[in-house]
file entry-v3.cif (mmCIF, C-alpha atoms)
data_target
loop_
_atom_site.label_atom_id
_atom_site.label_comp_id
_atom_site.auth_asym_id
_atom_site.auth_seq_id
_atom_site.Cartn_x
_atom_site.Cartn_y
_atom_site.Cartn_z
CA MET A 1 -3.04 24.30 35.43
CA LYS A 2 -4.69 23.22 38.67
CA LEU A 3 -4.67 19.56 39.64
CA ASN A 4 -7.53 18.32 41.80
CA PHE A 5 -6.51 15.27 43.80
CA THR A 6 -7.38 13.02 46.70
CA LYS A 7 -4.73 11.76 49.11
CA MET A 8 -5.51 8.16 50.13
CA HIS A 9 -3.74 5.29 51.81
CA GLY A 10 -4.06 1.55 52.30
CA THR A 11 -2.36 0.53 55.55
CA GLY A 12 -0.02 3.51 55.24
CA ASN A 13 0.92 2.93 51.58
CA ASP A 14 -0.10 6.41 50.39
CA TYR A 15 -0.67 7.74 46.89
CA VAL A 16 -2.00 10.84 45.22
CA TYR A 17 -5.18 9.87 43.34
CA VAL A 18 -6.45 11.81 40.33
CA ASN A 19 -9.77 11.39 38.52
CA GLY A 20 -8.86 10.52 34.94
CA PHE A 21 -12.51 10.85 33.92
CA THR A 22 -12.23 14.63 34.40
CA HIS A 23 -8.47 15.27 34.04
CA GLU A 24 -6.44 14.71 30.88
CA LEU A 25 -2.87 14.42 32.10
CA GLU A 26 0.37 14.53 30.14
CA ASN A 27 3.81 13.53 31.37
CA MET A 28 2.40 11.44 34.23
CA SER A 29 5.87 10.15 35.04
CA GLU A 30 7.13 13.68 35.69
CA LEU A 31 3.96 14.53 37.59
CA ALA A 32 4.44 11.50 39.84
CA ILE A 33 7.93 12.68 40.79
CA LYS A 34 6.63 16.18 41.48
CA VAL A 35 3.59 15.34 43.63
CA SER A 36 5.39 12.60 45.58
CA ASP A 37 7.98 14.91 47.13
CA ARG A 38 7.28 14.92 50.86
CA HIS A 39 9.03 18.25 51.48
CA PHE A 40 8.01 20.44 48.54
CA ALA A 41 4.71 18.93 47.38
CA ILE A 42 1.87 16.67 48.53
CA GLY A 43 4.05 13.73 49.52
CA SER A 44 3.28 10.12 48.61
CA ASP A 45 4.60 6.77 47.43
CA GLY A 46 3.50 7.71 43.92
CA LEU A 47 0.65 8.76 41.65
CA ILE A 48 -2.43 6.74 40.68
CA VAL A 49 -4.92 7.87 38.04
CA ILE A 50 -8.44 6.37 37.98
CA ALA A 51 -9.31 6.34 34.28
CA PRO A 52 -12.04 5.03 31.98
CA SER A 53 -11.70 1.45 30.76
CA LYS A 54 -13.10 -0.40 27.77
CA VAL A 55 -12.81 -3.79 29.48
CA ALA A 56 -13.57 -3.09 33.16
CA ASP A 57 -15.42 -0.63 35.40
CA VAL A 58 -12.36 1.60 35.79
CA ARG A 59 -8.66 1.50 34.96
CA MET A 60 -5.76 2.02 37.38
CA ILE A 61 -2.70 3.84 35.99
CA MET A 62 0.13 3.77 38.51
CA TYR A 63 3.49 5.51 38.80
CA ASN A 64 6.05 5.14 41.57
CA ALA A 65 7.61 8.07 43.39
CA ASP A 66 10.66 7.96 41.09
CA GLY A 67 8.46 8.25 37.99
CA SER A 68 8.71 4.59 36.96
CA ARG A 69 5.54 2.85 35.80
CA GLY A 70 4.08 0.24 38.15
CA LYS A 71 2.02 -2.68 36.91
CA MET A 72 0.07 -3.37 40.07
CA CYS A 73 -0.29 -2.21 43.68
CA GLY A 74 -2.43 -4.16 46.13
CA ASN A 75 -2.91 -1.26 48.52
CA GLY A 76 -3.44 1.16 45.67
CA ILE A 77 -6.14 -0.90 43.98
CA ARG A 78 -8.18 -1.01 47.18
CA CYS A 79 -8.13 2.79 47.24
CA VAL A 80 -9.05 2.89 43.54
CA ALA A 81 -12.10 0.77 44.35
CA LYS A 82 -13.06 3.07 47.21
CA TYR A 83 -12.60 6.18 45.07
CA ALA A 84 -14.60 4.71 42.18
CA TYR A 85 -17.52 3.73 44.43
CA ASP A 86 -17.53 6.77 46.72
CA HIS A 87 -17.26 9.18 43.75
CA LYS A 88 -19.97 7.30 41.85
CA LEU A 89 -17.78 6.26 38.94
CA THR A 90 -19.52 2.92 39.46
CA ASP A 91 -22.36 1.77 41.72
CA LYS A 92 -21.13 -1.83 41.85
CA GLU A 93 -20.06 -3.41 45.12
CA ILE A 94 -18.46 -6.18 43.07
CA MET A 95 -16.42 -4.56 40.32
CA LYS A 96 -13.57 -5.11 37.89
CA ILE A 97 -10.50 -2.90 37.74
CA GLU A 98 -8.10 -2.91 34.80
CA THR A 99 -4.38 -2.81 35.67
CA ASP A 100 -1.18 -3.24 33.72
CA SER A 101 -1.02 -6.78 35.13
CA GLY A 102 -4.55 -7.71 34.11
CA ILE A 103 -8.15 -7.25 35.27
CA LYS A 104 -8.71 -7.70 39.00
CA ASP A 105 -12.00 -8.71 40.63
CA ILE A 106 -12.89 -6.55 43.61
CA GLN A 107 -15.50 -6.65 46.38
CA VAL A 108 -16.08 -3.56 48.51
CA PHE A 109 -17.53 -3.51 52.02
CA LEU A 110 -19.44 -0.43 53.17
CA GLY A 111 -19.31 1.30 56.52
CA GLU A 112 -22.19 2.93 58.37
CA ASP A 113 -21.78 6.05 56.22
CA LYS A 114 -22.41 3.92 53.10
CA LYS A 115 -18.88 4.63 51.90
CA VAL A 116 -16.27 1.96 51.29
CA ASP A 117 -14.54 0.84 54.47
CA SER A 118 -12.56 -2.20 53.34
CA VAL A 119 -11.90 -4.08 50.11
CA LYS A 120 -11.26 -7.69 49.14
CA VAL A 121 -9.15 -8.19 46.05
CA ASN A 122 -8.70 -11.27 43.91
CA MET A 123 -5.03 -10.68 43.19
CA GLY A 124 -4.90 -13.43 40.58
CA LYS A 125 -2.57 -16.40 40.54
CA ALA A 126 0.92 -16.21 41.94
CA ILE A 127 3.67 -16.54 39.34
CA LEU A 128 6.43 -18.89 40.45
CA LYS A 129 8.37 -19.71 37.29
CA PRO A 130 11.58 -17.65 37.37
CA ALA A 131 11.45 -16.79 33.67
CA ASP A 132 8.03 -15.20 34.17
CA ILE A 133 8.85 -13.27 37.37
CA PRO A 134 11.24 -12.28 35.63
CA MET A 135 14.33 -13.81 37.20
CA LEU A 136 17.51 -15.16 35.66
CA ALA A 137 17.21 -18.68 37.04
CA GLN A 138 16.20 -22.08 35.72
CA GLY A 139 13.36 -24.39 36.78
CA ASP A 140 9.67 -24.15 37.62
CA SER A 141 10.12 -22.26 40.90
CA PHE A 142 12.71 -20.61 43.14
CA VAL A 143 11.80 -21.61 46.70
CA SER A 144 14.16 -21.37 49.68
CA GLN A 145 17.22 -20.98 47.49
CA PRO A 146 20.47 -19.15 48.31
CA ILE A 147 21.50 -15.96 46.54
CA MET A 148 24.30 -13.49 47.21
CA VAL A 149 23.51 -9.86 48.01
CA ASN A 150 26.35 -7.44 48.76
CA GLY A 151 28.66 -10.32 49.61
CA GLN A 152 26.27 -12.13 51.96
CA GLU A 153 24.18 -15.25 51.36
CA HIS A 154 20.41 -15.04 51.86
CA ILE A 155 17.76 -17.76 51.53
CA VAL A 156 15.12 -16.44 49.18
CA THR A 157 11.74 -17.42 47.75
CA ALA A 158 10.84 -15.57 44.54
CA VAL A 159 7.22 -14.77 43.63
CA SER A 160 5.54 -12.42 41.19
CA MET A 161 2.13 -10.93 41.89
CA GLY A 162 2.26 -8.85 38.72
CA ASN A 163 5.56 -7.43 39.93
CA PRO A 164 8.65 -9.29 41.18
CA HIS A 165 9.27 -10.04 44.86
CA MET A 166 11.88 -11.89 46.82
CA VAL A 167 10.86 -13.01 50.30
CA ILE A 168 13.40 -13.59 53.05
CA PHE A 169 12.34 -15.25 56.31
CA THR A 170 14.66 -14.04 59.06
CA THR A 171 14.74 -12.56 62.56
CA GLY A 172 15.44 -9.12 64.00
CA ILE A 173 13.82 -7.24 61.14
CA ASP A 174 13.18 -4.17 63.33
CA ASP A 175 16.94 -3.69 63.53
CA LEU A 176 17.54 -3.72 59.77
CA ASN A 177 18.65 -0.47 58.14
CA LEU A 178 16.64 -0.81 54.94
CA ASP A 179 17.70 2.61 53.64
CA GLU A 180 21.26 1.30 53.59
CA ILE A 181 20.83 -2.30 52.49
CA GLY A 182 17.66 -2.01 50.41
CA PRO A 183 19.29 -0.81 47.16
CA TYR A 184 21.56 -3.87 47.11
CA PHE A 185 18.51 -6.14 47.14
CA GLU A 186 16.52 -3.99 44.70
CA ASN A 187 19.34 -4.17 42.15
CA GLN A 188 20.28 -7.82 42.67
CA GLU A 189 21.58 -9.03 39.30
CA LEU A 190 19.25 -12.05 39.06
CA PHE A 191 16.28 -9.67 38.63
CA PRO A 192 16.56 -7.78 35.32
CA GLU A 193 13.59 -5.51 36.14
CA LYS A 194 14.74 -4.98 39.74
CA VAL A 195 12.80 -6.47 42.65
CA ASN A 196 10.75 -5.70 45.75
CA THR A 197 12.17 -7.32 48.87
CA GLU A 198 10.22 -8.53 51.92
CA PHE A 199 11.98 -9.26 55.21
CA VAL A 200 9.70 -11.46 57.32
CA GLU A 201 9.55 -12.76 60.88
CA VAL A 202 7.29 -15.68 61.77
CA ILE A 203 5.09 -14.94 64.79
CA ASP A 204 3.01 -18.11 64.45
CA LYS A 205 1.29 -20.06 61.66
CA ASN A 206 -1.40 -17.37 61.32
CA ASN A 207 0.69 -14.23 61.89
CA PHE A 208 3.75 -12.88 60.12
CA LYS A 209 5.58 -9.58 60.54
CA MET A 210 6.98 -7.88 57.44
CA ARG A 211 9.09 -4.94 56.33
CA VAL A 212 9.39 -4.13 52.65
CA TYR A 213 11.81 -2.29 50.39
CA GLU A 214 10.03 -1.45 47.14
CA ARG A 215 11.81 -0.94 43.86
CA GLY A 216 11.60 2.66 42.73
CA THR A 217 10.35 3.89 46.10
CA GLY A 218 12.33 2.55 49.08
CA GLU A 219 10.87 1.32 52.34
CA THR A 220 7.12 1.82 52.56
CA MET A 221 4.59 1.39 55.35
CA SER A 222 2.91 -1.39 53.41
CA CYS A 223 2.93 -3.29 50.11
CA GLY A 224 -0.17 -5.26 49.12
CA THR A 225 1.48 -7.38 46.45
CA GLY A 226 4.29 -7.87 48.95
CA THR A 227 2.04 -9.32 51.65
CA CYS A 228 0.56 -11.61 49.00
CA ALA A 229 4.05 -12.75 48.00
CA VAL A 230 4.82 -13.40 51.68
CA THR A 231 1.63 -15.45 52.03
CA VAL A 232 2.56 -17.56 49.00
CA ALA A 233 6.12 -17.99 50.23
CA ALA A 234 4.91 -18.97 53.71
CA VAL A 235 2.76 -21.75 52.26
CA LEU A 236 5.50 -22.95 49.89
CA ASN A 237 7.95 -23.09 52.82
CA GLY A 238 5.52 -25.03 55.02
CA LEU A 239 4.97 -22.13 57.43
CA ALA A 240 1.27 -21.69 56.58
CA LYS A 241 -1.50 -23.69 54.91
CA TYR A 242 -3.35 -23.42 51.63
CA GLY A 243 -6.82 -21.92 51.94
CA GLU A 244 -6.29 -20.42 55.40
CA GLU A 245 -6.36 -16.67 55.91
CA ILE A 246 -3.26 -15.31 57.61
CA ASN A 247 -2.46 -11.91 59.09
CA ILE A 248 0.50 -10.01 57.68
CA HIS A 249 1.58 -7.30 60.13
CA ILE A 250 3.20 -4.39 58.33
CA ARG A 251 4.22 -0.96 59.62
CA GLY A 252 0.90 0.49 58.44
CA GLY A 253 -1.41 -2.13 59.97
CA ILE A 254 -2.59 -5.62 59.07
CA LEU A 255 -3.57 -7.23 55.78
CA LYS A 256 -5.45 -10.52 55.66
CA ASP A 257 -4.33 -12.78 52.82
CA CYS A 258 -5.14 -16.29 51.64
CA TYR A 259 -3.36 -18.55 49.12
CA GLU A 260 -5.64 -21.13 47.53
CA LYS A 261 -4.53 -24.49 46.13
CA ASP A 262 -5.35 -23.37 42.59
CA GLY A 263 -2.72 -20.63 42.96
CA THR A 264 -5.12 -17.72 43.49
CA VAL A 265 -4.32 -15.15 46.17
CA PHE A 266 -6.93 -13.04 47.98
CA MET A 267 -6.14 -9.91 49.98
CA THR A 268 -8.45 -7.95 52.31
CA GLY A 269 -7.67 -4.61 53.90
CA THR A 270 -8.77 -1.07 54.58
CA ALA A 271 -8.88 1.89 52.19
CA VAL A 272 -8.80 5.42 53.65
CA SER A 273 -9.35 8.88 52.19
CA VAL A 274 -7.13 11.40 53.95
CA PHE A 275 -7.96 14.73 52.26
CA ASP A 276 -8.92 16.37 48.98
CA GLY A 277 -6.79 19.16 47.58
CA GLU A 278 -5.74 21.31 44.67
CA MET A 279 -2.21 21.87 43.41
CA GLU A 280 -0.75 24.11 40.72
CA ILE A 281 1.20 22.05 38.17
#
call {"tool": "encode", "arguments": {"input": "entry-v3.cif", "output": "structure tokens"}}
result
Amino acid sequence: MKLNFTKMHGTGNDYVYVNGFTHELENMSELAIKVSDRHFAIGSDGLIVIAPSKVADVRMIMYNADGSRGKMCGNGIRCVAKYAYDHKLTDKEIMKIETDSGIKDIQVFLGEDKKVDSVKVNMGKAILKPADIPMLAQGDSFVSQPIMVNGQEHIVTAVSMGNPHMVIFTTGIDDLNLDEIGPYFENQELFPEKVNTEFVEVIDKNNFKMRVYERGTGETMSCGTGTCAVTVAAVLNGLAKYGEEINIHIRGGILKDCYEKDGTVFMTGTAVSVFDGEMEI
């Protein structure tokens, strides 16, 4: 069987995208592992299928590179919006996309070629209650609290944006060996479903630098839900203000995020098609 696909990325967070309107796929978990291999296949952070939806314009079905199911991906959903508009699955510049963490409201911005250039996503409300993240801790939030990872204490703020994150404000993040230390954070015992970890340096009140170790994938160039979690954590720690857009500098570029007083988070960034291809599966 031949698989037609499009390779796309949002600030370097790259996935293989498949049109679920024309492809009926089985064993998507196994397929995600296969196509994600950067040496023997296409190479990506995972697989995303754009499928029909009964409750939105399209549905996003996401798998990580290790075959695990993902509920939401901020960079991925921007590319889903671009794919849906550019491939005429919808003609709406304001659309709804169904994900495993709910329906997301999307606005696309067109370039001179009338194709989608950038996308603004209403990422929904940040989840702060540990039980809902999920996290094995008491209380209504977990902000600037100490936890132990591999025998060392770290000050952590926990946030869910449809998937769990722990944000650590620190210095010298360029010198961190995330391949070595990342698994200790991913598998920290307080997070029963594992956790994405953001290591963040403060540049100023409007600019933050971030590296991310994603559960099921490892270090990636970017993580959209991760930059949103950093934005929320920055406000909760008094490093940024509600309602003000801030720049999160990741390895793949810059995302512009805003945390509103009602708890809603908005994210704006690019979506890029790299190439179309065909693979025997």
call {"tool": "resolve_selection", "arguments": {"input": "entry-v3.cif", "expression": "the PyMOL selection byres ((chain A and resi 134-149) around 7)", "output": "count of residues only"}}
result
22
call {"tool": "closest_residue", "arguments": {"input": "entry-v3.cif", "among": "A:Gly226, A:Gly102, A:Gly124, A:Gly67", "to": "Tyr259 in chain A", "atoms": "only C-alpha atoms"}}
result
A:Gly124
call {"tool": "closest_residue", "arguments": {"input": "entry-v3.cif", "among": "A:Leu176, A:Val235, A:Ile103, A:Ile281", "to": "Gly162 in chain A", "atoms": "only C-alpha atoms"}}
result
A:Ile103
call {"tool": "resolve_selection", "arguments": {"input": "entry-v3.cif", "expression": "the PyMOL selection byres ((chain A and resi 5) around 12)", "output": "PyMOL selection string"}}
result
chain A and resi 2-4+6-8+15-20+22-23+35+42+47-50+83+273-281
call {"tool": "closest_residue", "arguments": {"input": "entry-v3.cif", "among": "A:Lys114, A:Arg251, A:Lys194, A:Lys241", "to": "Arg211 in chain A", "atoms": "only C-alpha atoms"}}
result
A:Arg251
call {"tool": "atom_distance", "arguments": {"input": "entry-v3.cif", "atom1": "CA of Leu239 in chain A", "atom2": "CA of Met123 in chain A"}}
result
20.8 Å
call {"tool": "resolve_selection", "arguments": {"input": "entry-v3.cif", "expression": "the PyMOL selection byres ((chain A and resi 263) around 6)", "output": "PDB file with C-alpha atoms, in the coordinates of the input"}}
result
ATOM      1  CA  LYS A 125      -2.570 -16.400  40.540  1.00  0.00           C
ATOM      2  CA  ALA A 126       0.920 -16.210  41.940  1.00  0.00           C
ATOM      3  CA  GLU A 260      -5.640 -21.130  47.530  1.00  0.00           C
ATOM      4  CA  LYS A 261      -4.530 -24.490  46.130  1.00  0.00           C
ATOM      5  CA  ASP A 262      -5.350 -23.370  42.590  1.00  0.00           C
ATOM      6  CA  THR A 264      -5.120 -17.720  43.490  1.00  0.00           C
TER       7      THR A 264
END
call {"tool": "closest_residue", "arguments": {"input": "entry-v3.cif", "among": "A:Ala65, A:Met60, A:Ile248, A:Ala271", "to": "Glu30 in chain A", "atoms": "all atoms listed in the file"}}
result
A:Ala65
call {"tool": "closest_residue", "arguments": {"input": "entry-v3.cif", "among": "A:Tyr242, A:Phe169, A:Glu186, A:Asn237", "to": "Phe208 in chain A", "atoms": "all atoms listed in the file"}}
result
A:Phe169
call {"tool": "closest_residue", "arguments": {"input": "entry-v3.cif", "among": "A:Val200, A:Ile173, A:Val167, A:Met267", "to": "Val108 in chain A", "atoms": "all atoms listed in the file"}}
result
A:Met267
call {"tool": "axis_aligned_box", "arguments": {"input": "entry-v3.cif", "around": "range 237-254 of chain A", "padding_each_side": "4 Å", "output": "JSON"}}
result
{"center_x": 0.6, "center_y": -12.3, "center_z": 55.9, "size_x": 22.8, "size_y": 33.5, "size_z": 16.5}
call {"tool": "residues_around", "arguments": {"input": "entry-v3.cif", "residues": "Asp117 in chain A", "least_positions_apart": "5", "cutoff": "8 Å", "atoms": "only C-alpha atoms", "output": "number ranges by chain"}}
result
A: 82, 108-111, 270-272
call {"tool": "write_last_selection", "arguments": {"input": "entry-v3.cif", "atoms": "C-alpha atoms", "output": "CSV table (one decimal), in the frame of the given file"}}
result
chain,number,residue,atom,x,y,z
A,82,LYS,CA,-13.1,3.1,47.2
A,108,VAL,CA,-16.1,-3.6,48.5
A,109,PHE,CA,-17.5,-3.5,52.0
A,110,LEU,CA,-19.4,-0.4,53.2
A,111,GLY,CA,-19.3,1.3,56.5
A,270,THR,CA,-8.8,-1.1,54.6
A,271,ALA,CA,-8.9,1.9,52.2
A,272,VAL,CA,-8.8,5.4,53.6
call {"tool": "atom_distance", "arguments": {"input": "entry-v3.cif", "atom1": "CA of Ile77 in chain A", "atom2": "CA of Gly224 in chain A"}}
result
9.0 Å
call {"tool": "atom_distance", "arguments": {"input": "entry-v3.cif", "atom1": "CA of Val55 in chain A", "atom2": "CA of Asn196 in chain A"}}
result
28.7 Å
